[in-house]
$ cat run_34.cif   # mmCIF, C-alpha atoms
data_target
loop_
_atom_site.label_atom_id
_atom_site.label_comp_id
_atom_site.auth_asym_id
_atom_site.auth_seq_id
_atom_site.Cartn_x
_atom_site.Cartn_y
_atom_site.Cartn_z
CA MET A 26 46.51 184.53 20.97
CA ASP A 27 46.00 180.89 21.90
CA ALA A 28 45.91 179.51 25.44
CA LYS A 29 49.54 178.43 25.39
CA GLU A 30 50.72 181.87 24.29
CA GLN A 31 48.47 183.50 26.90
CA SER A 32 50.17 181.55 29.67
CA LEU A 33 53.52 183.01 28.63
CA VAL A 34 52.37 186.64 28.82
CA HIS A 35 54.04 188.51 31.67
CA PRO A 36 53.92 192.23 32.47
CA TRP A 37 57.70 192.39 32.92
CA LYS A 38 58.10 191.52 29.24
CA ASP A 39 56.13 194.63 28.28
CA GLU A 40 58.38 196.60 30.61
CA ILE A 41 61.47 195.30 28.77
CA PHE A 42 60.05 196.43 25.44
CA GLN A 43 59.21 199.87 26.86
CA ILE A 44 62.77 200.26 28.19
CA PHE A 45 64.11 199.41 24.71
CA LYS A 46 61.72 201.92 23.20
CA THR A 47 62.54 204.81 25.51
CA GLY A 48 66.22 203.88 25.42
CA GLY A 49 66.30 204.42 21.66
CA ILE A 50 66.99 200.81 20.64
CA GLN A 51 66.57 200.57 16.85
CA GLN A 52 67.79 197.06 16.08
CA VAL A 53 67.02 193.87 17.96
CA ALA A 54 68.95 190.77 16.88
CA TYR A 55 67.74 187.47 18.25
CA VAL A 56 67.73 183.73 18.28
CA PRO A 57 64.20 183.13 19.52
CA ASP A 58 63.20 181.79 22.88
CA ALA A 59 59.76 181.40 24.39
CA GLY A 60 60.81 183.81 27.15
CA HIS A 61 61.62 186.51 24.57
CA ALA A 62 58.61 185.82 22.31
CA GLN A 63 56.47 188.69 23.59
CA VAL A 64 59.26 191.26 23.12
CA ILE A 65 60.16 189.89 19.66
CA LYS A 66 56.53 190.26 18.58
CA GLN A 67 56.43 193.85 19.79
CA VAL A 68 59.75 194.66 18.06
CA HIS A 69 58.46 193.41 14.71
CA ALA A 70 55.27 195.43 15.16
CA ASP A 71 57.17 198.66 15.86
CA LYS A 72 57.94 200.81 12.83
CA ASP A 73 61.01 202.37 14.45
CA MET A 74 62.69 199.06 15.24
CA VAL A 75 64.14 196.34 13.05
CA GLY A 76 63.93 192.76 14.31
CA ILE A 77 66.82 190.69 13.01
CA PRO A 78 66.54 186.92 13.34
CA VAL A 79 70.03 185.41 13.21
CA THR A 80 70.84 181.76 12.60
CA THR A 81 73.33 181.52 15.46
CA GLU A 82 74.06 183.81 18.37
CA GLU A 83 77.58 184.91 17.39
CA GLU A 84 76.12 186.46 14.24
CA GLY A 85 74.05 188.57 16.58
CA VAL A 86 77.14 189.74 18.45
CA ALA A 87 78.75 190.93 15.20
CA CYS A 88 75.48 192.45 14.00
CA VAL A 89 74.89 194.59 17.10
CA CYS A 90 78.50 195.85 16.91
CA GLY A 91 77.93 196.79 13.27
CA ALA A 92 74.82 198.70 14.27
CA TRP A 93 76.79 200.75 16.80
CA LEU A 94 79.52 201.39 14.24
CA GLY A 95 76.79 202.92 12.08
CA GLY A 96 75.28 204.96 14.92
CA GLN A 97 72.37 202.83 16.10
CA LYS A 98 71.72 201.17 19.44
CA SER A 99 71.03 197.47 19.23
CA VAL A 100 70.44 194.61 21.67
CA LEU A 101 70.82 190.86 21.34
CA LEU A 102 68.24 188.43 22.73
CA MET A 103 69.19 184.81 23.23
CA GLN A 104 68.85 181.76 25.41
CA SER A 105 71.59 180.55 27.75
CA SER A 106 72.43 177.67 25.40
CA GLY A 107 73.57 180.21 22.79
CA VAL A 108 76.08 182.01 24.98
CA GLY A 109 78.78 179.41 24.41
CA ASN A 110 78.42 179.88 20.66
CA CYS A 111 79.51 183.51 21.06
CA VAL A 112 82.75 183.21 22.98
CA ASN A 113 85.32 184.07 20.30
CA MET A 114 83.03 186.71 18.79
CA PHE A 115 83.02 188.48 22.17
CA SER A 116 86.64 189.45 21.36
CA LEU A 117 85.16 192.01 18.94
CA ILE A 118 83.50 193.74 21.89
CA LYS A 119 86.63 193.58 24.02
CA ASN A 120 89.06 194.78 21.35
CA CYS A 121 86.95 197.66 20.13
CA ASN A 122 85.21 198.61 23.40
CA PHE A 123 81.82 198.30 21.79
CA PRO A 124 78.91 199.08 24.11
CA PHE A 125 77.00 195.81 24.32
CA LEU A 126 73.72 194.69 25.83
CA THR A 127 72.29 191.21 25.70
CA LEU A 128 69.28 189.70 27.48
CA VAL A 129 69.56 186.00 28.15
CA THR A 130 66.70 183.74 29.19
CA MET A 131 68.09 181.04 31.43
CA ARG A 132 67.65 177.30 31.11
CA GLY A 133 69.09 174.50 33.13
CA GLU A 134 68.79 176.14 36.54
CA TRP A 135 65.18 175.87 37.81
CA ALA A 136 63.02 172.76 37.57
CA GLU A 137 64.74 171.88 34.32
CA PHE A 138 63.19 168.86 32.65
CA ASN A 139 65.72 168.62 29.82
CA GLN A 140 69.17 167.99 31.25
CA TRP A 141 70.79 168.80 27.87
CA GLN A 142 70.20 172.43 28.79
CA THR A 143 72.04 172.18 32.09
CA PRO A 144 75.78 172.19 31.20
CA MET A 145 75.60 175.45 29.23
CA GLY A 146 73.09 176.98 31.61
CA ARG A 147 75.50 176.37 34.46
CA ALA A 148 78.43 177.84 32.49
CA THR A 149 76.58 180.90 31.17
CA GLN A 150 77.69 183.48 33.73
CA THR A 151 81.31 182.23 33.69
CA SER A 152 81.40 182.36 29.88
CA PHE A 153 80.44 186.02 29.89
CA GLU A 154 82.77 186.92 32.74
CA MET A 155 85.80 185.19 31.28
CA MET A 156 85.36 187.36 28.19
CA GLY A 157 85.08 190.58 30.19
CA ILE A 158 81.31 191.04 30.04
CA ASN A 159 79.56 192.25 33.17
CA VAL A 160 76.68 190.07 34.34
CA LEU A 161 73.49 191.31 35.98
CA ARG A 162 70.63 189.04 36.97
CA ALA A 163 66.89 189.43 37.50
CA ASP A 164 65.25 186.72 39.60
CA ARG A 165 61.92 188.32 40.48
CA PRO A 166 59.32 189.96 38.23
CA GLU A 167 59.38 193.24 40.18
CA THR A 168 63.14 193.68 39.68
CA VAL A 169 63.28 193.07 35.90
CA ALA A 170 62.61 196.65 34.81
CA ASP A 171 65.23 198.09 37.15
CA VAL A 172 67.90 195.61 36.13
CA VAL A 173 67.26 195.98 32.39
CA SER A 174 67.20 199.75 32.65
CA ALA A 175 70.47 199.73 34.64
CA GLY A 176 72.09 197.48 32.03
CA LEU A 177 70.94 199.64 29.15
CA ASP A 178 72.35 202.78 30.77
CA ALA A 179 75.64 201.07 31.64
CA ALA A 180 76.01 199.96 28.03
CA PHE A 181 74.89 202.98 26.05
CA LEU A 182 75.78 205.77 28.47
CA GLY A 183 78.77 204.16 30.16
CA GLY A 184 80.11 202.11 27.26
CA ASP A 185 80.09 198.85 29.21
CA ALA A 186 79.41 195.34 27.93
CA VAL A 187 76.49 193.91 29.90
CA ALA A 188 74.64 190.61 29.94
CA ILE A 189 71.35 190.41 31.82
CA LEU A 190 70.34 186.93 32.86
CA LEU A 191 66.59 186.44 33.20
CA SER A 192 66.12 183.62 35.66
CA GLN A 193 64.29 180.48 34.59
CA SER A 194 62.09 180.92 37.64
CA LEU A 195 60.74 184.14 36.11
CA ILE A 196 59.62 182.37 33.00
CA GLY A 197 58.15 179.40 34.82
CA ARG A 198 58.15 175.70 34.19
CA LYS A 199 58.02 174.66 30.59
CA LYS A 200 54.93 172.57 29.89
CA TRP A 201 55.80 169.17 28.47
CA ASP A 202 52.72 167.75 26.81
CA VAL A 203 53.85 164.18 26.48
CA LYS A 204 51.70 162.24 24.08
CA MET B 88 88.37 163.99 0.37
CA ASN B 89 86.37 165.31 -2.53
CA ILE B 90 88.61 167.73 -4.42
CA VAL B 91 86.37 169.43 -6.94
CA ARG B 92 88.17 172.54 -8.04
CA THR B 93 91.72 172.08 -9.20
CA GLN B 94 91.63 175.08 -11.55
CA GLN B 95 92.75 178.24 -9.82
CA GLY B 96 91.32 181.68 -10.44
CA SER B 97 93.42 184.11 -12.44
CA ILE B 98 92.46 187.47 -10.89
CA ASP B 99 95.15 189.41 -9.00
CA ARG B 100 93.62 190.18 -5.57
CA ARG B 101 95.55 193.36 -4.83
CA GLU B 102 94.82 194.97 -8.21
CA PHE B 103 91.18 193.91 -8.09
CA VAL B 104 90.57 195.28 -4.58
CA LYS B 105 92.32 198.55 -5.40
CA GLU B 106 90.20 199.04 -8.52
CA LEU B 107 87.03 198.15 -6.65
CA ILE B 108 87.63 200.60 -3.79
CA THR B 109 88.68 203.35 -6.21
CA ALA B 110 85.39 202.86 -8.04
CA CYS B 111 83.37 202.94 -4.76
CA PRO B 112 84.66 206.07 -3.01
CA ASP B 113 81.62 206.39 -0.71
CA ALA B 114 81.58 202.78 0.46
CA LEU B 115 81.75 201.86 4.13
CA ILE B 116 83.99 198.79 4.10
CA VAL B 117 84.23 195.87 6.53
CA SER B 118 87.16 193.60 5.71
CA GLY B 119 87.54 190.02 6.90
CA LEU B 120 90.60 188.94 8.86
CA GLY B 121 93.80 187.87 7.12
CA SER B 122 94.61 188.65 3.50
CA PRO B 123 91.42 190.62 2.70
CA SER B 124 92.23 193.12 5.46
CA TYR B 125 95.77 193.41 4.05
CA ASP B 126 94.39 193.89 0.50
CA VAL B 127 92.00 196.64 1.62
CA TYR B 128 94.76 198.42 3.53
CA ALA B 129 97.23 198.05 0.64
CA ALA B 130 94.70 199.80 -1.61
CA GLY B 131 95.10 202.90 0.58
CA ASP B 132 94.07 203.48 4.20
CA ARG B 133 90.64 205.13 4.58
CA ASP B 134 88.73 206.22 7.66
CA GLU B 135 85.70 204.40 6.21
CA ASN B 136 87.47 201.03 6.49
CA PHE B 137 86.79 198.71 9.42
CA TYR B 138 89.56 196.12 9.39
CA LEU B 139 88.85 192.92 11.26
CA TRP B 140 91.85 191.13 12.72
CA GLY B 141 89.79 188.43 14.40
CA ALA B 142 86.09 187.68 14.99
CA MET B 143 86.28 185.13 12.18
CA GLY B 144 82.93 184.59 10.52
CA GLY B 145 81.62 187.96 11.68
CA ALA B 146 82.33 190.29 8.74
CA ALA B 147 79.03 189.80 6.89
CA ALA B 148 76.92 189.92 10.06
CA MET B 149 78.69 193.07 11.22
CA ALA B 150 78.03 194.66 7.83
CA LEU B 151 74.35 193.72 8.15
CA GLY B 152 73.95 195.78 11.32
CA LEU B 153 75.93 198.60 9.72
CA ALA B 154 73.89 198.56 6.49
CA ILE B 155 70.61 198.76 8.43
CA ALA B 156 71.98 201.64 10.52
CA GLN B 157 73.27 203.55 7.46
CA PRO B 158 70.71 202.92 4.71
CA ASN B 159 71.91 205.82 2.56
CA LYS B 160 75.53 204.65 2.38
CA PRO B 161 76.83 201.77 0.31
CA VAL B 162 78.22 199.05 2.60
CA LEU B 163 80.80 196.67 1.20
CA VAL B 164 82.21 193.51 2.74
CA ILE B 165 85.56 192.36 1.37
CA THR B 166 86.43 188.99 2.81
CA GLY B 167 87.85 185.57 2.01
CA ASP B 168 86.25 182.23 1.27
CA GLY B 169 87.37 180.78 4.62
CA GLU B 170 85.97 183.69 6.63
CA GLN B 171 82.65 183.60 4.78
CA LEU B 172 82.37 179.84 5.17
CA MET B 173 82.58 180.32 8.94
CA GLY B 174 79.72 182.83 8.75
CA MET B 175 77.58 180.99 6.24
CA GLY B 176 74.44 181.37 8.34
CA SER B 177 74.76 185.14 8.09
CA LEU B 178 73.91 184.85 4.38
CA ALA B 179 70.50 183.54 5.47
CA SER B 180 70.12 186.41 7.94
CA ILE B 181 71.10 188.90 5.22
CA GLY B 182 68.64 187.28 2.82
CA ALA B 183 65.92 187.68 5.44
CA GLN B 184 66.58 191.45 5.74
CA LYS B 185 67.66 192.25 2.17
CA PRO B 186 69.26 195.65 2.84
CA LYS B 187 69.54 197.29 -0.58
CA ASN B 188 72.86 198.95 0.25
CA LEU B 189 74.88 195.83 1.06
CA THR B 190 77.34 194.03 -1.22
CA LEU B 191 79.56 191.09 -0.28
CA VAL B 192 82.75 190.49 -2.25
CA ILE B 193 84.39 187.16 -1.52
CA LEU B 194 88.03 186.84 -2.59
CA ASP B 195 87.99 183.11 -3.25
CA ASN B 196 91.28 181.30 -3.73
CA GLY B 197 89.88 178.06 -2.37
CA HIS B 198 92.47 178.06 0.39
CA TYR B 199 93.33 179.34 3.84
CA ALA B 200 96.30 181.52 2.86
CA GLU B 201 97.01 182.73 6.40
CA THR B 202 97.62 179.26 7.82
CA GLY B 203 99.61 177.57 5.07
CA MET B 204 97.30 177.23 2.06
CA GLN B 205 95.17 174.34 3.24
CA MET B 206 92.20 173.80 0.94
CA SER B 207 88.91 175.37 1.97
CA HIS B 208 85.46 173.98 1.25
CA THR B 209 85.17 176.04 -1.95
CA SER B 210 87.85 173.67 -3.31
CA LEU B 211 85.90 170.74 -1.92
CA GLY B 212 82.50 171.21 -3.51
CA THR B 213 80.88 174.23 -1.82
CA ASP B 214 79.44 176.88 -4.15
CA LEU B 215 79.10 180.19 -2.30
CA VAL B 216 77.18 181.77 -5.20
CA GLY B 217 74.67 178.93 -5.09
CA ILE B 218 74.30 179.40 -1.33
CA ALA B 219 73.80 183.16 -1.73
CA LYS B 220 71.11 182.58 -4.35
CA ALA B 221 69.42 179.99 -2.17
CA CYS B 222 69.47 182.53 0.69
CA ASN B 223 67.38 184.89 -1.47
CA LEU B 224 69.97 187.60 -2.13
CA ASP B 225 68.97 189.83 -5.06
CA TRP B 226 71.99 188.86 -7.11
CA ALA B 227 74.96 186.53 -6.82
CA GLN B 228 77.63 185.95 -9.39
CA THR B 229 80.95 184.20 -9.90
CA VAL B 230 83.58 186.58 -11.24
CA THR B 231 86.42 185.18 -13.34
CA ASP B 232 87.27 188.28 -15.38
CA SER B 233 88.86 191.26 -13.64
CA ALA B 234 86.92 193.62 -15.95
CA ASP B 235 83.80 192.67 -13.96
CA VAL B 236 85.03 194.92 -11.16
CA LYS B 237 83.02 197.67 -12.89
CA MET B 238 79.84 195.60 -12.69
CA ILE B 239 80.37 195.04 -8.95
CA ALA B 240 81.08 198.75 -8.37
CA GLN B 241 77.84 199.63 -10.16
CA HIS B 242 75.90 197.36 -7.83
CA VAL B 243 77.66 198.85 -4.76
CA ASN B 244 77.05 202.44 -5.78
CA ALA B 245 73.47 201.90 -6.99
CA LYS B 246 72.31 200.60 -3.57
CA ASN B 247 69.43 198.84 -5.27
CA GLY B 248 69.80 195.31 -4.02
CA VAL B 249 71.80 193.02 -1.79
CA GLY B 250 74.28 190.82 -3.58
CA LEU B 251 77.38 188.67 -3.50
CA ALA B 252 80.26 188.42 -5.94
CA ASN B 253 82.54 185.41 -5.59
CA VAL B 254 85.79 186.52 -7.17
CA LEU B 255 88.10 183.70 -8.23
CA ILE B 256 91.58 184.97 -7.40
CA GLN B 257 95.02 183.46 -7.74
CA ALA B 258 96.20 181.51 -4.71
CA HIS B 259 99.17 183.84 -4.49
CA GLU B 260 100.47 185.22 -1.23
CA TYR B 261 101.52 188.87 -1.20
CA PRO B 262 103.75 190.43 1.42
CA LYS B 263 101.47 191.35 4.31
CA ALA B 264 100.29 194.99 4.42
CA LEU B 265 99.28 195.55 8.01
CA PRO B 266 96.56 198.02 8.99
CA ALA B 267 96.19 199.30 12.56
CA ARG B 268 95.27 196.59 15.06
CA ASP B 269 93.85 198.96 17.67
CA GLY B 270 90.13 198.27 17.42
CA VAL B 271 89.11 201.31 19.46
CA TYR B 272 91.04 203.62 17.12
CA ILE B 273 89.57 202.00 14.01
CA LYS B 274 86.05 202.17 15.47
CA ASN B 275 86.30 205.79 16.54
CA ARG B 276 87.72 207.13 13.31
CA PHE B 277 85.10 205.16 11.34
CA ARG B 278 82.32 206.67 13.47
CA ALA B 279 83.84 210.14 13.14
CA THR B 280 83.46 209.99 9.34
CA LEU B 281 79.74 209.46 9.91
CA GLY B 282 79.55 212.44 12.26
CA LEU B 283 79.29 210.20 15.34
CA GLU B 284 81.12 210.88 18.57
CA PRO B 285 83.97 208.61 19.62
CA PHE B 286 82.61 205.87 21.91
#

$ encode --input "run_34.cif" --output "structure tokens"
Amino acid sequence: MDAKEQSLVHPWKDEIFQIFKTGGIQQVAYVPDAGHAQVIKQVHADKDMVGIPVTTEEEGVACVCGAWLGGQKSVLLMQSSGVGNCVNMFSLIKNCNFPFLTLVTMRGEWAEFNQWQTPMGRATQTSFEMMGINVLRADRPETVADVVSAGLDAAFLGGDAVAILLSQSLIGRKKWDVK
Amino acid sequence: MNIVRTQQGSIDRREFVKELITACPDALIVSGLGSPSYDVYAAGDRDENFYLWGAMGGAAAMALGLAIAQPNKPVLVITGDGEQLMGMGSLASIGAQKPKNLTLVILDNGHYAETGMQMSHTSLGTDLVGIAKACNLDWAQTVTDSADVKMIAQHVNAKNGVGLANVLIQAHEYPKALPARDGVYIKNRFRATLGLEPF
């Protein structure tokens, strides 16, 4: 683990993986993000989970629905910029009442250096809500485990569609090493 | 515009799909919206069919999650060229996983039949078989002879590699055969055949 990776290690990320593990998650579809990197690494190292990199986020929406159709629990990890890509695919969840859980690392809301992230970051919650997906948010490290656990239960026990937004302030400022 | 393919396929889509499904009785089928869903339904309604009526571009990705969840069952996607073109990235994701029990059958007429027969990109230079090969699928083949349905069925039933057949069909529009549009009903009866509770 190099110094840069070390700086991104947070205990709440291990807690997310443990909640997936005890919650019986078997497939994890993702478009990578630095904020999800630790969980993605743990998923690929776990023999009972399949990590599924997808080329665009709406593929992930279809993929996790397919997993449920076949009897497995699956979550989707993405960054806020990918949420807009999913909008029409969310109709699959709505029409079929698929249980759905996605964890979204936020950009464009906290000390954002790259303003290209801001329009979609600002529209993320609305995009989910307009398609009937319930939004929960974790802003502080000590609340992450509770919020993720509540979302997982709502999805896979209660059949709800849930998006959990992980605040940009949790992840910290991105380091821009300008040469 | 670069019109590459003026020759139409000669395979009858309804006959081909019916023969394919008859030869793959255990297959879990995901059908892409529009004519492929009508073809699959016209071949005879089955609980193991998941008919998409929307979610364009999602058939292959949905089948990927299903194939990983059900590794002992053959999983078959039956979709159109337009639907697959919208989900082209999912071929890369499928190539990255290589589930041995997944087969994609593209009914390629080079046109969007549902919206008035506008040309699709497979008429304009895109080669879906070439893309599938480049995405590292185990096999990918253009099918111009309806007798090759047996070859595809063997691949489906053998569950020994992920592949794609691009079937060149006539650009002929059949009367629509409409499966149920209630997604919850389709989902629950599909899950019931796998011994899963409705949910």

$ resolve_selection --input "run_34.cif" --expression "the PyMOL selection byres ((chain B) within 10 of (chain A))" --output "number ranges by chain"
B: 115, 117, 137, 139-158, 160, 174-181, 183-184, 268-275, 277-279, 281-284, 286

$ atom_distance --input "run_34.cif" --atom1 "CA of Asn110 in chain A" --atom2 "CA of Ala188 in chain A"
14.7 Å

$ residues_around --input "run_34.cif" --residues "Ile98 in chain B" --least-positions-apart "6" --cutoff "9 Å" --atoms "all atoms listed in the file" --output "PDB file with C-alpha atoms, keeping the file's coordinate frame"
ATOM      1  CA  VAL B 230      83.580 186.580 -11.240  1.00  0.00           C
ATOM      2  CA  THR B 231      86.420 185.180 -13.340  1.00  0.00           C
ATOM      3  CA  ASP B 232      87.270 188.280 -15.380  1.00  0.00           C
ATOM      4  CA  SER B 233      88.860 191.260 -13.640  1.00  0.00           C
ATOM      5  CA  VAL B 254      85.790 186.520  -7.170  1.00  0.00           C
ATOM      6  CA  LEU B 255      88.100 183.700  -8.230  1.00  0.00           C
ATOM      7  CA  ILE B 256      91.580 184.970  -7.400  1.00  0.00           C
ATOM      8  CA  GLN B 257      95.020 183.460  -7.740  1.00  0.00           C
TER       9      GLN B 257
END

$ residues_near_point --input "run_34.cif" --point "(79.4, 196.7, -2.9)" --cutoff "7 Å" --atoms "only C-alpha atoms" --output "MDAnalysis selection string"
chainID B and resid 161:163 189:191 239:240 242:244

$ closest_residue --input "run_34.cif" --among "A:Ile189, A:Ala62, A:Val172, A:Val56" --to "Leu33 in chain A" --atoms "all atoms listed in the file"
A:Ala62

$ residues_around --input "run_34.cif" --residues "Glu154 in chain A" --least-positions-apart "5" --cutoff "10 Å" --atoms "all atoms listed in the file" --output "ChimeraX atom specification"
/A:149,159-160,187-188

$ atom_distance --input "run_34.cif" --atom1 "CA of Gln104 in chain A" --atom2 "CA of Phe45 in chain A"
18.3 Å

$ residues_near_point --input "run_34.cif" --point "(97.6, 191.5, -5.7)" --cutoff "9 Å" --atoms "all atoms listed in the file" --output "number ranges by chain"
B: 98-105, 126, 257, 259-261

$ write_last_selection --input "run_34.cif" --atoms "C-alpha atoms" --output "PDB file, in the frame of the given file"
ATOM      1  CA  ILE B  98      92.460 187.470 -10.890  1.00  0.00           C
ATOM      2  CA  ASP B  99      95.150 189.410  -9.000  1.00  0.00           C
ATOM      3  CA  ARG B 100      93.620 190.180  -5.570  1.00  0.00           C
ATOM      4  CA  ARG B 101      95.550 193.360  -4.830  1.00  0.00           C
ATOM      5  CA  GLU B 102      94.820 194.970  -8.210  1.00  0.00           C
ATOM      6  CA  PHE B 103      91.180 193.910  -8.090  1.00  0.00           C
ATOM      7  CA  VAL B 104      90.570 195.280  -4.580  1.00  0.00           C
ATOM      8  CA  LYS B 105      92.320 198.550  -5.400  1.00  0.00           C
ATOM      9  CA  ASP B 126      94.390 193.890   0.500  1.00  0.00           C
ATOM     10  CA  GLN B 257      95.020 183.460  -7.740  1.00  0.00           C
ATOM     11  CA  HIS B 259      99.170 183.840  -4.490  1.00  0.00           C
ATOM     12  CA  GLU B 260     100.470 185.220  -1.230  1.00  0.00           C
ATOM     13  CA  TYR B 261     101.520 188.870  -1.200  1.00  0.00           C
TER      14      TYR B 261
END

$ axis_aligned_box --input "run_34.cif" --around "range 91-109 of chain A" --padding-each-side "8 Å" --output "JSON"
{"center_x": 73.9, "center_y": 191.3, "center_z": 19.9, "size_x": 27.3, "size_y": 43.3, "size_z": 31.7}

$ resolve_selection --input "run_34.cif" --expression "the PyMOL selection byres ((chain B and resi 128) around 12)" --output "NGL selection string"
:B and (101 or 104-105 or 108 or 116-127 or 129-139 or 165 or 263-268)

$ write_last_selection --input "run_34.cif" --atoms "C-alpha atoms" --output "PDB file, keeping the file's coordinate frame"
ATOM      1  CA  ARG B 101      95.550 193.360  -4.830  1.00  0.00           C
ATOM      2  CA  VAL B 104      90.570 195.280  -4.580  1.00  0.00           C
ATOM      3  CA  LYS B 105      92.320 198.550  -5.400  1.00  0.00           C
ATOM      4  CA  ILE B 108      87.630 200.600  -3.790  1.00  0.00           C
ATOM      5  CA  ILE B 116      83.990 198.790   4.100  1.00  0.00           C
ATOM      6  CA  VAL B 117      84.230 195.870   6.530  1.00  0.00           C
ATOM      7  CA  SER B 118      87.160 193.600   5.710  1.00  0.00           C
ATOM      8  CA  GLY B 119      87.540 190.020   6.900  1.00  0.00           C
ATOM      9  CA  LEU B 120      90.600 188.940   8.860  1.00  0.00           C
ATOM     10  CA  GLY B 121      93.800 187.870   7.120  1.00  0.00           C
ATOM     11  CA  SER B 122      94.610 188.650   3.500  1.00  0.00           C
ATOM     12  CA  PRO B 123      91.420 190.620   2.700  1.00  0.00           C
ATOM     13  CA  SER B 124      92.230 193.120   5.460  1.00  0.00           C
ATOM     14  CA  TYR B 125      95.770 193.410   4.050  1.00  0.00           C
ATOM     15  CA  ASP B 126      94.390 193.890   0.500  1.00  0.00           C
ATOM     16  CA  VAL B 127      92.000 196.640   1.620  1.00  0.00           C
ATOM     17  CA  ALA B 129      97.230 198.050   0.640  1.00  0.00           C
ATOM     18  CA  ALA B 130      94.700 199.800  -1.610  1.00  0.00           C
ATOM     19  CA  GLY B 131      95.100 202.900   0.580  1.00  0.00           C
ATOM     20  CA  ASP B 132      94.070 203.480   4.200  1.00  0.00           C
ATOM     21  CA  ARG B 133      90.640 205.130   4.580  1.00  0.00           C
ATOM     22  CA  ASP B 134      88.730 206.220   7.660  1.00  0.00           C
ATOM     23  CA  GLU B 135      85.700 204.400   6.210  1.00  0.00           C
ATOM     24  CA  ASN B 136      87.470 201.030   6.490  1.00  0.00           C
ATOM     25  CA  PHE B 137      86.790 198.710   9.420  1.00  0.00           C
ATOM     26  CA  TYR B 138      89.560 196.120   9.390  1.00  0.00           C
ATOM     27  CA  LEU B 139      88.850 192.920  11.260  1.00  0.00           C
ATOM     28  CA  ILE B 165      85.560 192.360   1.370  1.00  0.00           C
ATOM     29  CA  LYS B 263     101.470 191.350   4.310  1.00  0.00           C
ATOM     30  CA  ALA B 264     100.290 194.990   4.420  1.00  0.00           C
ATOM     31  CA  LEU B 265      99.280 195.550   8.010  1.00  0.00           C
ATOM     32  CA  PRO B 266      96.560 198.020   8.990  1.00  0.00           C
ATOM     33  CA  ALA B 267      96.190 199.300  12.560  1.00  0.00           C
ATOM     34  CA  ARG B 268      95.270 196.590  15.060  1.00  0.00           C
TER      35      ARG B 268
END

$ atom_distance --input "run_34.cif" --atom1 "CA of Ala252 in chain B" --atom2 "CA of Leu101 in chain A"
29.0 Å

$ resolve_selection --input "run_34.cif" --expression "the PyMOL selection byres ((chain B and resi 220) around 12)" --output "short mmCIF file (atom, residue, chain, number, x, y, z; two decimals) with C-alpha atoms, in the frame of the given file"
data_model
loop_
_atom_site.label_atom_id
_atom_site.label_comp_id
_atom_site.auth_asym_id
_atom_site.auth_seq_id
_atom_site.Cartn_x
_atom_site.Cartn_y
_atom_site.Cartn_z
CA LEU B 178 73.91 184.85 4.38
CA ALA B 179 70.50 183.54 5.47
CA ILE B 181 71.10 188.90 5.22
CA GLY B 182 68.64 187.28 2.82
CA ASP B 214 79.44 176.88 -4.15
CA LEU B 215 79.10 180.19 -2.30
CA VAL B 216 77.18 181.77 -5.20
CA GLY B 217 74.67 178.93 -5.09
CA ILE B 218 74.30 179.40 -1.33
CA ALA B 219 73.80 183.16 -1.73
CA ALA B 221 69.42 179.99 -2.17
CA CYS B 222 69.47 182.53 0.69
CA ASN B 223 67.38 184.89 -1.47
CA LEU B 224 69.97 187.60 -2.13
CA ASP B 225 68.97 189.83 -5.06
CA TRP B 226 71.99 188.86 -7.11
CA ALA B 227 74.96 186.53 -6.82
CA GLN B 228 77.63 185.95 -9.39
CA THR B 229 80.95 184.20 -9.90
CA VAL B 249 71.80 193.02 -1.79
CA GLY B 250 74.28 190.82 -3.58
CA LEU B 251 77.38 188.67 -3.50
CA ALA B 252 80.26 188.42 -5.94
CA ASN B 253 82.54 185.41 -5.59
#

$ residues_around --input "run_34.cif" --residues "Glu167 in chain A" --least-positions-apart "5" --cutoff "12 Å" --atoms "all atoms listed in the file" --output "list in words"
His35, Pro36, Trp37, Lys38, Glu40, Ile41, Val172, Val173 and Leu195 of chain A

$ closest_residue --input "run_34.cif" --among "A:Gly49, A:Gly60, A:Gly197, A:Gly146" --to "Ser105 in chain A" --atoms "only C-alpha atoms"
A:Gly146

$ closest_residue --input "run_34.cif" --among "A:Ser174, A:Ser194, A:Leu102, A:Pro144" --to "His61 in chain A" --atoms "all atoms listed in the file"
A:Leu102

$ closest_residue --input "run_34.cif" --among "A:Ile196, A:Val169, A:Val68, A:Leu161" --to "Arg132 in chain A" --atoms "all atoms listed in the file"
A:Ile196

$ decode --input "run_34.cif" --residues "range 32-37 of chain A" --atoms "N, CA and C atoms" --output "mmCIF file, in the first residue's frame"
data_model
loop_
_atom_site.group_PDB
_atom_site.id
_atom_site.type_symbol
_atom_site.label_atom_id
_atom_site.label_comp_id
_atom_site.auth_asym_id
_atom_site.auth_seq_id
_atom_site.Cartn_x
_atom_site.Cartn_y
_atom_site.Cartn_z
ATOM 1 N N SER A 32 -3.605 7.127 2.735
ATOM 2 C CA SER A 32 -4.367 8.306 3.160
ATOM 3 C C SER A 32 -5.860 8.155 2.892
ATOM 4 N N LEU A 33 -6.221 7.201 2.032
ATOM 5 C CA LEU A 33 -7.625 7.003 1.707
ATOM 6 C C LEU A 33 -8.280 5.921 2.571
ATOM 7 N N VAL A 34 -7.485 5.268 3.431
ATOM 8 C CA VAL A 34 -8.033 4.202 4.269
ATOM 9 C C VAL A 34 -8.849 4.799 5.414
ATOM 10 N N HIS A 35 -10.087 4.360 5.523
ATOM 11 C CA HIS A 35 -10.961 4.830 6.595
ATOM 12 C C HIS A 35 -11.646 3.624 7.232
ATOM 13 N N PRO A 36 -11.804 3.617 8.543
ATOM 14 C CA PRO A 36 -12.474 2.492 9.205
ATOM 15 C C PRO A 36 -13.906 2.277 8.720
ATOM 16 N N TRP A 37 -14.609 3.358 8.380
ATOM 17 C CA TRP A 37 -16.010 3.184 7.955
ATOM 18 C C TRP A 37 -16.119 2.389 6.658
#
